[in-house]
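> Take a look at this one; I'll ask things after.
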Amino acid sequence: MSDTTYNKIFSGSFIIVQLAMDRLSSAGINAIIKDESESGRLGGFGAAIQGYQELYVSDEELEQAQAIIESVNEDLAS
């Protein structure tokens with residue numbers, strides 16, 4: 001079994017995380033979305049911030065993913 005470490009590279013609203021996820025997928029990067037509000041809802045608990053998600057990538061893809069996330073942030077700022 002591989003001991004791959006994942007790093008959080010982005011967090012934000014559902015829509016922006018989906019945009020980032022789409023760009024990462026287009027580059028062949030396998031990212032993981034963590035949504036604690038959805039996990040809490042499914043478990044019967046409430047969440048402080050609805051629609052807030054975190055995006056994680058493996059160590060091997062981190063550098064390439066960070067460049068893509070920077071591009072997403074620049075597009076959103078303009």
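All residue names refer to the structure tokens as shown: chains lettered A, B, ... in order, residues numbered from 1 in each chain, ligands numbered from 1 in order.
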Report as a list in words all protein, DNA and RNA residues lying within 8 Å of Asp59 in chain A, evaluated on only C-alpha atoms, omitting residues in the same chain fewer than 3 positions from it.

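The contact residues come out as Thr4, Thr5, Tyr6, Asn7 and Leu62 of chain A.
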
> Which residues, written as an MDAnalysis selection string, have at least one atom at most 7 Å from Ala31 in chain A, with only C-alpha atoms counted and residues fewer than 5 positions away on the same chain left out?

chainID A and resid 21 55:57

> Go ahead and save the picked residues with all heavy atoms, as an mmCIF file, in the first residue's frame.


```
data_model
loop_
_atom_site.group_PDB
_atom_site.id
_atom_site.type_symbol
_atom_site.label_atom_id
_atom_site.label_comp_id
_atom_site.auth_asym_id
_atom_site.auth_seq_id
_atom_site.Cartn_x
_atom_site.Cartn_y
_atom_site.Cartn_z
ATOM 1 N N MET A 21 -11.548 22.168 -9.644
ATOM 2 C CA MET A 21 -11.523 20.720 -9.841
ATOM 3 C C MET A 21 -11.541 20.376 -11.333
ATOM 4 O O MET A 21 -10.816 19.487 -11.781
ATOM 5 C CB MET A 21 -12.715 20.091 -9.128
ATOM 6 C CG MET A 21 -12.768 18.611 -9.205
ATOM 7 S SD MET A 21 -11.530 17.901 -8.127
ATOM 8 C CE MET A 21 -12.117 16.235 -8.047
ATOM 9 N N LEU A 55 -10.064 21.443 -1.193
ATOM 10 C CA LEU A 55 -9.529 20.666 -2.294
ATOM 11 C C LEU A 55 -8.123 20.193 -1.935
ATOM 12 O O LEU A 55 -7.284 20.987 -1.502
ATOM 13 C CB LEU A 55 -9.484 21.561 -3.534
ATOM 14 C CG LEU A 55 -9.381 20.957 -4.907
ATOM 15 C CD1 LEU A 55 -10.470 19.924 -5.152
ATOM 16 C CD2 LEU A 55 -9.459 22.046 -5.954
ATOM 17 N N TYR A 56 -7.884 18.900 -2.097
ATOM 18 C CA TYR A 56 -6.610 18.280 -1.744
ATOM 19 C C TYR A 56 -6.008 17.577 -2.953
ATOM 20 O O TYR A 56 -6.735 17.015 -3.767
ATOM 21 C CB TYR A 56 -6.809 17.227 -0.637
ATOM 22 C CG TYR A 56 -7.179 17.810 0.691
ATOM 23 C CD1 TYR A 56 -8.490 18.175 0.978
ATOM 24 C CD2 TYR A 56 -6.224 17.984 1.693
ATOM 25 C CE1 TYR A 56 -8.834 18.711 2.212
ATOM 26 C CE2 TYR A 56 -6.557 18.511 2.923
ATOM 27 C CZ TYR A 56 -7.864 18.869 3.176
ATOM 28 O OH TYR A 56 -8.199 19.398 4.390
ATOM 29 N N VAL A 57 -4.668 17.607 -3.035
ATOM 30 C CA VAL A 57 -3.940 16.858 -4.063
ATOM 31 C C VAL A 57 -2.774 16.125 -3.413
ATOM 32 O O VAL A 57 -2.313 16.501 -2.340
ATOM 33 C CB VAL A 57 -3.423 17.755 -5.211
ATOM 34 C CG1 VAL A 57 -4.562 18.383 -5.970
ATOM 35 C CG2 VAL A 57 -2.462 18.793 -4.717
#
```

> Give me, please, the distance in Å between CA of Gly51 in chain A and CA of Ser13 in chain A, quoted to one decimal.

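According to the coordinates, CA of Gly51 in chain A and CA of Ser13 in chain A are separated by 5.5 Å.
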
> Please provide as a short mmCIF file (atom, residue, chain, number, x, y, z; two decimals) with N, CA, C and O atoms, in the first residue's frame all residues within 9 Å of Ala27 in chain A, with the sequence filter that same-chain residues fewer than 2 positions apart are discarded (counting only C-alpha atoms).


```
data_model
loop_
_atom_site.label_atom_id
_atom_site.label_comp_id
_atom_site.auth_asym_id
_atom_site.auth_seq_id
_atom_site.Cartn_x
_atom_site.Cartn_y
_atom_site.Cartn_z
N ASP A 22 -12.34 21.10 -12.10
CA ASP A 22 -12.43 20.87 -13.54
C ASP A 22 -11.08 21.15 -14.22
O ASP A 22 -10.63 20.37 -15.05
N ARG A 23 -10.43 22.23 -13.83
CA ARG A 23 -9.13 22.57 -14.42
C ARG A 23 -8.06 21.57 -14.01
O ARG A 23 -7.20 21.21 -14.82
N LEU A 24 -8.11 21.12 -12.77
CA LEU A 24 -7.15 20.11 -12.32
C LEU A 24 -7.36 18.80 -13.07
O LEU A 24 -6.41 18.17 -13.52
N SER A 25 -8.61 18.40 -13.23
CA SER A 25 -8.93 17.17 -13.95
C SER A 25 -8.47 17.25 -15.40
O SER A 25 -7.97 16.26 -15.95
N ILE A 29 -4.78 15.80 -13.10
CA ILE A 29 -4.51 15.76 -11.66
C ILE A 29 -5.74 15.23 -10.94
O ILE A 29 -6.85 15.72 -11.14
N ASN A 30 -5.53 14.22 -10.12
CA ASN A 30 -6.62 13.63 -9.34
C ASN A 30 -6.71 14.33 -8.00
O ASN A 30 -5.89 14.09 -7.12
N GLN A 64 2.37 21.16 -9.72
CA GLN A 64 1.57 21.45 -10.91
C GLN A 64 0.18 21.97 -10.51
O GLN A 64 -0.34 22.90 -11.13
N ALA A 65 -0.40 21.41 -9.46
CA ALA A 65 -1.72 21.83 -9.01
C ALA A 65 -1.70 23.26 -8.47
O ALA A 65 -2.64 24.03 -8.71
N ILE A 68 -2.00 25.73 -11.25
CA ILE A 68 -3.37 25.79 -11.77
C ILE A 68 -4.26 26.59 -10.83
O ILE A 68 -5.07 27.41 -11.28
#
```
